[in-house]
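Text of the file run_2.cif, holding mmCIF, C-alpha atoms:
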```cif
data_start
#
loop_
_atom_site.label_atom_id
_atom_site.label_comp_id
_atom_site.auth_asym_id
_atom_site.auth_seq_id
_atom_site.Cartn_x
_atom_site.Cartn_y
_atom_site.Cartn_z
CA PRO A 1 81.69 118.65 108.46
CA LEU A 2 83.48 117.28 105.41
CA ASP A 3 86.15 119.19 103.50
CA PHE A 4 86.00 119.68 99.74
CA ASN A 5 88.88 120.58 97.44
CA ASP A 6 90.56 119.41 94.24
CA LEU A 7 91.86 116.22 95.89
CA VAL A 8 88.39 115.30 97.11
CA GLU A 9 86.86 116.12 93.72
CA GLU A 10 89.40 113.84 92.02
CA GLN A 11 88.34 110.95 94.26
CA ILE A 12 84.61 111.62 93.71
CA GLU A 13 85.16 111.50 89.95
CA LYS A 14 86.23 107.87 90.28
CA TYR A 15 82.56 107.16 91.04
CA THR A 16 80.93 109.71 88.75
CA LYS A 17 82.89 109.93 85.48
CA VAL A 18 82.47 106.27 84.57
CA LYS A 19 80.18 103.78 86.28
CA ASN A 20 82.27 101.55 88.53
CA ILE A 21 80.73 98.09 88.85
CA ASN A 22 83.07 97.14 91.69
CA ALA A 23 81.92 100.21 93.60
CA GLU A 24 78.30 99.19 93.12
CA GLN A 25 79.06 95.72 94.47
CA SER A 26 80.91 97.26 97.42
CA LEU A 27 77.94 99.49 98.27
CA ASN A 28 75.58 96.51 98.14
CA ALA A 29 77.87 94.61 100.53
CA PHE A 30 78.07 97.63 102.83
CA MET A 31 74.31 98.13 102.99
CA MET A 32 73.81 94.53 104.14
CA TYR A 33 75.57 95.45 107.40
CA ASP A 34 74.77 99.14 107.70
CA ASP A 35 72.22 98.89 110.51
CA ARG A 36 74.62 96.77 112.55
CA LEU A 37 77.50 99.18 111.84
CA ILE A 38 75.49 102.19 112.99
CA GLN A 39 74.86 100.37 116.27
CA VAL A 40 78.55 99.48 116.74
CA PHE A 41 79.79 103.00 116.04
CA SER A 42 77.11 104.55 118.27
CA GLU A 43 77.87 102.20 121.16
CA ASN A 44 81.59 102.98 120.85
CA GLU A 45 80.97 106.74 120.69
CA VAL A 46 82.66 107.14 117.32
CA PRO A 47 80.96 109.38 114.70
CA VAL A 48 78.63 107.08 112.76
CA GLU A 49 79.71 108.79 109.52
CA LEU A 50 83.11 107.11 109.90
CA ARG A 51 81.51 103.75 109.15
CA TYR A 52 81.72 104.70 105.46
CA ALA A 53 85.50 104.30 105.70
CA ALA A 54 84.90 100.62 104.90
CA LEU A 55 83.98 101.66 101.35
CA SER A 56 87.14 103.68 100.78
CA MET A 57 89.64 101.48 102.64
CA SER A 58 88.64 97.93 101.68
CA GLN A 59 85.76 98.25 99.19
CA CYS A 60 83.99 96.02 101.73
CA ASN A 61 86.06 93.05 100.58
CA ASN A 62 85.90 90.33 103.20
CA SER A 63 87.19 87.39 101.19
CA SER A 64 90.79 88.24 100.25
CA SER A 65 93.87 89.94 101.68
CA GLN A 66 94.57 93.60 101.02
CA ALA A 67 97.79 95.55 100.56
CA GLY A 68 100.18 95.27 103.48
CA GLY A 69 98.48 92.17 104.85
CA ARG A 70 95.39 94.06 105.98
CA GLU A 71 92.09 92.21 106.25
CA GLY A 72 88.40 92.86 106.70
CA PHE A 73 85.93 95.69 106.19
CA TYR A 74 88.10 98.10 108.16
CA SER A 75 91.50 97.01 106.82
CA LEU A 76 92.93 95.87 110.12
CA THR A 77 96.63 95.12 110.36
CA TYR A 78 97.74 92.05 112.27
CA ARG A 79 99.14 94.23 115.06
CA VAL A 80 95.96 96.25 115.56
CA ALA A 81 93.75 93.14 115.42
CA LYS A 82 95.78 91.31 118.06
CA LYS A 83 95.95 94.46 120.18
CA HIS A 84 92.15 94.46 120.36
CA GLY A 85 91.76 90.74 121.05
CA LEU A 86 90.88 89.27 117.65
CA ARG A 87 91.87 85.66 116.91
CA ILE A 88 94.15 85.05 113.93
CA THR A 89 95.46 81.57 113.08
CA ASN A 90 96.18 79.54 109.95
CA TYR A 91 92.49 78.67 109.79
CA VAL A 92 90.70 81.63 111.36
CA ASP A 93 90.91 85.38 110.91
CA GLU A 94 88.40 87.35 112.95
CA ARG A 95 89.28 90.50 111.04
CA ARG A 96 86.84 89.14 108.46
CA ASN A 97 84.02 89.25 110.98
CA VAL A 98 82.35 92.56 110.09
CA GLN A 99 81.18 93.40 113.61
CA LYS A 100 84.50 92.52 115.26
CA SER A 101 86.39 94.41 112.55
CA ALA A 102 84.22 97.48 113.17
CA GLU A 103 84.66 97.26 116.94
CA ALA A 104 88.45 97.00 116.65
CA PHE A 105 88.48 99.94 114.21
CA CYS A 106 86.42 102.05 116.62
CA ASN A 107 88.69 101.22 119.55
CA GLU A 108 91.84 101.98 117.59
CA ILE A 109 90.71 105.22 115.99
CA LYS A 110 89.39 106.50 119.32
CA GLN A 111 92.84 105.99 120.81
CA ILE A 112 94.42 107.87 117.90
CA TYR A 113 91.85 110.66 118.25
CA THR A 114 92.95 111.33 121.83
CA THR A 115 96.31 112.51 120.42
CA THR A 116 94.96 114.47 117.42
CA ASN A 117 91.55 115.80 118.50
CA ASP A 118 90.69 115.63 114.80
CA TRP A 119 88.93 112.73 113.09
CA LYS A 120 90.37 113.26 109.60
CA SER A 121 93.90 113.23 111.02
CA ALA A 122 93.06 110.13 113.06
CA LEU A 123 91.75 108.33 109.97
CA THR A 124 94.86 109.26 107.99
CA ILE A 125 97.14 108.02 110.77
CA TYR A 126 95.10 104.80 111.04
CA VAL A 127 95.96 103.96 107.43
CA GLY A 128 99.24 105.78 106.83
CA GLY A 129 100.80 105.23 110.23
CA GLU A 130 101.95 107.53 113.01
CA VAL A 131 105.59 107.52 111.85
CA GLU A 132 104.69 108.79 108.39
CA TRP A 133 102.32 111.40 109.86
CA ASN A 134 104.97 112.75 112.22
CA LYS A 135 107.52 112.84 109.39
CA ALA A 136 105.05 114.77 107.20
CA LYS A 137 104.33 117.14 110.08
CA PHE A 138 108.05 117.81 110.50
CA MET A 139 108.48 118.43 106.75
CA ALA A 140 105.53 120.83 106.82
CA ASN A 141 107.12 122.70 109.72
CA ASP A 142 103.63 122.59 111.21
CA TYR A 143 103.02 123.43 114.85
CA ILE A 144 99.28 124.14 114.73
CA ASN A 145 98.10 120.81 113.28
CA ASP A 146 96.94 122.19 109.93
CA PHE A 147 95.65 118.97 108.38
CA TRP A 148 96.08 119.91 104.72
CA ALA A 149 99.54 121.40 105.27
CA ILE A 150 100.65 118.08 106.74
CA ASN A 151 98.68 115.89 104.36
CA LYS A 152 100.48 117.16 101.25
CA HIS A 153 103.73 115.73 102.62
CA MET A 154 102.27 112.25 103.09
CA SER A 155 102.90 109.46 100.58
CA HIS A 156 100.33 109.10 97.81
CA GLU A 157 98.53 106.35 99.76
CA GLY A 158 98.46 108.42 102.94
CA SER A 159 97.48 111.69 101.28
CA THR A 160 94.43 110.14 99.59
CA VAL A 161 92.98 108.47 102.72
CA TYR A 162 90.74 111.36 103.74
CA PRO A 163 89.77 112.52 100.21
CA ALA A 164 88.82 108.91 99.34
CA TYR A 165 86.74 108.71 102.52
CA VAL A 166 84.82 111.90 101.67
CA ALA A 167 84.21 110.53 98.18
CA ALA A 168 82.84 107.31 99.70
CA VAL A 169 80.43 109.31 101.88
CA TYR A 170 79.28 111.23 98.81
CA PHE A 171 78.84 108.01 96.83
CA ALA A 172 76.84 106.31 99.60
CA HIS A 173 74.36 109.21 99.64
CA TYR A 174 74.11 110.14 95.96
CA TYR A 175 74.79 106.88 94.07
CA GLN A 176 71.36 106.97 92.39
CA MET A 177 72.16 110.31 90.72
CA HIS A 178 75.03 108.61 88.89
CA GLY A 179 73.24 105.51 87.62
CA TYR A 180 74.07 103.11 90.43
CA ARG A 181 71.44 100.97 92.09
CA LEU A 182 71.19 98.77 95.11
CA GLU A 183 70.17 95.16 94.78
CA PRO A 184 69.38 94.11 98.34
CA GLU A 185 69.43 90.39 98.95
CA GLU A 186 66.21 88.69 99.92
CA GLU A 187 65.77 88.48 103.66
CA TYR A 188 67.88 85.55 104.79
CA ILE A 189 67.31 84.59 108.43
CA THR A 190 70.28 82.91 110.06
CA GLU A 191 71.33 81.67 113.48
CA GLU A 192 74.62 80.76 115.09
CA VAL A 193 75.33 77.19 116.21
CA PRO A 194 78.30 75.92 118.25
CA ILE A 195 80.98 73.77 116.62
CA LEU A 196 82.55 71.58 119.29
CA ARG A 197 85.05 69.63 117.21
CA HIS A 198 86.97 69.79 113.94
CA THR A 199 84.78 69.87 110.82
CA SER A 200 84.64 71.38 107.34
CA PHE A 201 82.27 73.42 105.25
CA TYR A 202 82.24 70.54 102.78
CA LEU A 203 80.84 68.13 105.36
CA LEU A 204 78.42 70.67 106.79
CA SER A 205 77.25 71.49 103.29
CA THR A 206 76.54 67.86 102.37
CA THR A 207 75.13 66.88 105.78
CA LEU A 208 72.81 69.86 106.15
CA ASP A 209 72.04 70.41 102.45
CA ILE A 210 73.40 73.96 102.39
CA GLU A 211 75.30 75.39 99.43
CA LYS A 212 78.99 75.53 100.30
CA ASN A 213 79.27 79.03 98.81
CA LYS A 214 76.49 80.20 101.11
CA LEU A 215 78.40 78.85 104.13
CA LYS A 216 81.51 80.68 102.92
CA GLU A 217 79.53 83.90 102.49
CA LEU A 218 77.98 83.62 105.97
CA ASN A 219 81.26 82.69 107.68
CA PRO A 220 84.17 84.58 106.07
CA THR A 221 86.19 84.27 109.28
CA PHE A 222 87.20 80.70 108.34
CA LYS A 223 89.90 81.13 105.69
CA LYS A 224 90.15 77.48 104.58
CA GLN A 225 86.50 76.54 105.05
CA VAL A 226 87.58 74.39 107.99
CA VAL A 227 86.48 74.87 111.60
CA PRO A 228 89.37 73.76 113.83
CA GLN A 229 89.01 72.24 117.27
CA GLU A 230 90.19 74.54 120.04
CA SER A 231 89.66 74.91 123.77
CA VAL A 232 87.11 77.69 123.14
CA PRO A 233 84.43 76.42 120.70
CA TYR A 234 83.69 78.39 117.57
CA THR A 235 80.25 79.22 116.26
CA ILE A 236 79.14 79.30 112.66
CA ARG A 237 76.15 80.98 111.07
CA ILE A 238 73.70 78.79 109.13
CA PRO A 239 70.19 79.32 107.71
CA ALA A 240 67.64 79.32 110.53
CA ASP A 241 65.62 76.57 108.87
CA LYS A 242 68.64 74.23 109.14
CA VAL A 243 69.23 74.64 112.87
CA SER A 244 66.98 71.79 114.02
CA LEU A 245 68.58 69.50 111.43
CA PHE A 246 72.04 70.48 112.67
CA TYR A 247 71.21 69.33 116.20
CA ALA A 248 69.38 66.22 114.95
CA LYS A 249 72.47 65.10 113.02
CA GLY A 250 74.54 65.09 116.19
CA ASP A 251 78.10 63.78 115.82
CA THR A 252 77.73 63.15 112.07
CA VAL A 253 78.68 66.79 111.47
CA TYR A 254 82.07 66.03 113.07
CA SER A 255 83.10 62.93 111.12
CA TYR A 256 85.40 64.93 108.86
CA ARG A 257 88.55 63.31 110.29
CA ASN A 258 87.49 60.01 108.73
CA VAL A 259 88.17 61.45 105.27
CA GLU A 260 91.36 60.27 103.57
CA PRO A 261 94.28 62.69 104.31
CA GLU A 262 94.89 63.62 100.67
CA THR A 263 91.18 64.33 100.20
CA GLU A 264 91.15 66.42 103.37
CA LYS A 265 94.02 68.57 102.13
CA GLU A 266 92.29 69.04 98.80
CA LEU A 267 89.08 70.14 100.52
CA GLU A 268 90.87 72.65 102.75
CA ASN A 269 92.41 74.34 99.75
CA LYS A 270 89.15 74.74 97.85
#
```
Starting from the file, give its structure as structure tokens.
Amino acid sequence: PLDFNDLVEEQIEKYTKVKNINAEQSLNAFMMYDDRLIQVFSENEVPVELRYAALSMSQCNNSSSQAGGREGFYSLTYRVAKKHGLRITNYVDERRNVQKSAEAFCNEIKQIYTTTNDWKSALTIYVGGEVEWNKAKFMANDYINDFWAINKHMSHEGSTVYPAYVAAVYFAHYYQMHGYRLEPEEEYITEEVPILRHTSFYLLSTTLDIEKNKLKELNPTFKKQVVPQESVPYTIRIPADKVSLFYAKGDTVYSYRNVEPETEKELENK
């Protein structure tokens, strides 16, 4: 069950008073992964309704950093991501992998839930932090875990976590009533291929005749559009109709190191 009060209504009005184009784009991004998210949340025994937290926490932004250095659909901090085994380097940030972000979120919020026995409190702690929650609980002189009594003593960011989440659930179900529409992308079949050595999206784009922006969209994990060489090979996702060409090209997809150094640096920063 979802709570409704003035704080929740205020958050819902951000979707309903004036049409929010960014919200529409976020919902379109969310719906691309929704079937996969339902599977992840179900397998991890977390309420599937909590998958909508991606809309309220990150607006489903997978391409840029968020406040406090958080990344990915589920706004993972560096600490939480590393705790749950995600790789983060200068070139790679697996928090931007939607499935891995969702799995780490599920694992973390389940751990928090064991101490709260309440999902809305767990979600608030996930964003606001346990220290702030305990401080708010002390200020509320609360000994029975009354969520709203504690929540009003949270910072503005912390106190709006749950109301914003409820608003996101409302928006995801009733967007059509408020003039929003989904624009699902045409079915785009992709497959993963292994990258055994250092290469770049620029070279892959030119060698395989794939738009560089499409490679970036399919592989947001790679922050600089470069796939580094490491002991454990990475995989990248490419259009299925380019897979046979990828293997036919062989080592030519790895000749990136022959590029002049200044050109290489320029490409990495694009």
Spell out the residues picked by the PyMOL selection byres ((chain A and resi 145) around 12) here, as a short mmCIF file (atom, residue, chain, number, x, y, z; two decimals) with C-alpha atoms, in the coordinates of the input.
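Saved as result_11.cif:
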```cif
data_model
loop_
_atom_site.label_atom_id
_atom_site.label_comp_id
_atom_site.auth_asym_id
_atom_site.auth_seq_id
_atom_site.Cartn_x
_atom_site.Cartn_y
_atom_site.Cartn_z
CA THR A 115 96.31 112.51 120.42
CA THR A 116 94.96 114.47 117.42
CA ASN A 117 91.55 115.80 118.50
CA ASP A 118 90.69 115.63 114.80
CA LYS A 120 90.37 113.26 109.60
CA SER A 121 93.90 113.23 111.02
CA ALA A 122 93.06 110.13 113.06
CA TRP A 133 102.32 111.40 109.86
CA ASN A 134 104.97 112.75 112.22
CA ALA A 136 105.05 114.77 107.20
CA LYS A 137 104.33 117.14 110.08
CA PHE A 138 108.05 117.81 110.50
CA ALA A 140 105.53 120.83 106.82
CA ASN A 141 107.12 122.70 109.72
CA ASP A 142 103.63 122.59 111.21
CA TYR A 143 103.02 123.43 114.85
CA ILE A 144 99.28 124.14 114.73
CA ASP A 146 96.94 122.19 109.93
CA PHE A 147 95.65 118.97 108.38
CA TRP A 148 96.08 119.91 104.72
CA ALA A 149 99.54 121.40 105.27
CA ILE A 150 100.65 118.08 106.74
CA ASN A 151 98.68 115.89 104.36
#
```
Near range 218-221 of chain A, 12 Å: range 50-105 of chain A residue rows, closest pairs, all atoms listed in the file, as JSON lines:
```
{"residue": "A:Asn61", "atom": "CA", "partner": "A:Pro220", "partner_atom": "CA", "distance": 10.3}
{"residue": "A:Asn62", "atom": "CA", "partner": "A:Pro220", "partner_atom": "CA", "distance": 6.7}
{"residue": "A:Ser63", "atom": "CA", "partner": "A:Pro220", "partner_atom": "CA", "distance": 6.4}
{"residue": "A:Ser64", "atom": "CA", "partner": "A:Pro220", "partner_atom": "CA", "distance": 9.5}
{"residue": "A:Ser65", "atom": "CA", "partner": "A:Pro220", "partner_atom": "CA", "distance": 11.9}
{"residue": "A:Glu71", "atom": "CA", "partner": "A:Thr221", "partner_atom": "CA", "distance": 10.3}
{"residue": "A:Gly72", "atom": "CA", "partner": "A:Thr221", "partner_atom": "CA", "distance": 9.2}
{"residue": "A:Phe73", "atom": "CA", "partner": "A:Pro220", "partner_atom": "CA", "distance": 11.2}
{"residue": "A:Leu86", "atom": "CA", "partner": "A:Thr221", "partner_atom": "CA", "distance": 10.8}
{"residue": "A:Arg87", "atom": "CA", "partner": "A:Thr221", "partner_atom": "CA", "distance": 9.6}
{"residue": "A:Ile88", "atom": "CA", "partner": "A:Thr221", "partner_atom": "CA", "distance": 9.3}
{"residue": "A:Thr89", "atom": "CA", "partner": "A:Thr221", "partner_atom": "CA", "distance": 10.4}
{"residue": "A:Asn90", "atom": "CA", "partner": "A:Thr221", "partner_atom": "CA", "distance": 11.1}
{"residue": "A:Tyr91", "atom": "CA", "partner": "A:Thr221", "partner_atom": "CA", "distance": 8.4}
{"residue": "A:Val92", "atom": "CA", "partner": "A:Thr221", "partner_atom": "CA", "distance": 5.6}
{"residue": "A:Asp93", "atom": "CA", "partner": "A:Thr221", "partner_atom": "CA", "distance": 5.1}
{"residue": "A:Glu94", "atom": "CA", "partner": "A:Thr221", "partner_atom": "CA", "distance": 5.3}
{"residue": "A:Arg95", "atom": "CA", "partner": "A:Thr221", "partner_atom": "CA", "distance": 7.2}
{"residue": "A:Arg96", "atom": "CA", "partner": "A:Thr221", "partner_atom": "CA", "distance": 5.0}
{"residue": "A:Asn97", "atom": "CA", "partner": "A:Thr221", "partner_atom": "CA", "distance": 5.7}
{"residue": "A:Val98", "atom": "CA", "partner": "A:Pro220", "partner_atom": "CA", "distance": 9.1}
{"residue": "A:Gln99", "atom": "CA", "partner": "A:Thr221", "partner_atom": "CA", "distance": 11.3}
{"residue": "A:Lys100", "atom": "CA", "partner": "A:Thr221", "partner_atom": "CA", "distance": 10.3}
{"residue": "A:Ser101", "atom": "CA", "partner": "A:Thr221", "partner_atom": "CA", "distance": 10.7}
```
Output check: residues returned by the PyMOL selection byres ((chain A and resi 49-53) around 8), as a list in words: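 Selected by the PyMOL selection byres ((chain A and resi 49-53) around 8) here: Leu37, Ile38, Phe41, Val46, Pro47, Val48, Ala54, Leu55, Ser56, Met57, Tyr74, Ala102, Tyr165, Ala168, Val169 and Ala172 of chain A.
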The PyMOL selection byres ((chain A and resi 212-214) around 12) resolved against shown file, as a PyMOL selection string: chain A and resi 63+188+190+200-211+215-220+225-226+236-239+267+270
Coordinates-based distance that separates CA of Arg181 in chain A from CA of Asn28 in chain A (Å, one decimal): 8.6 Å
Among listed residues A:Glu45, A:Asp35, A:Glu132, A:Glu10, nearest Gln111 in chain A (using only C-alpha atoms): A:Glu45
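Interatomic distance, CA of Lys14 in chain A against CA of Phe171 in chain A: 9.9 Å.
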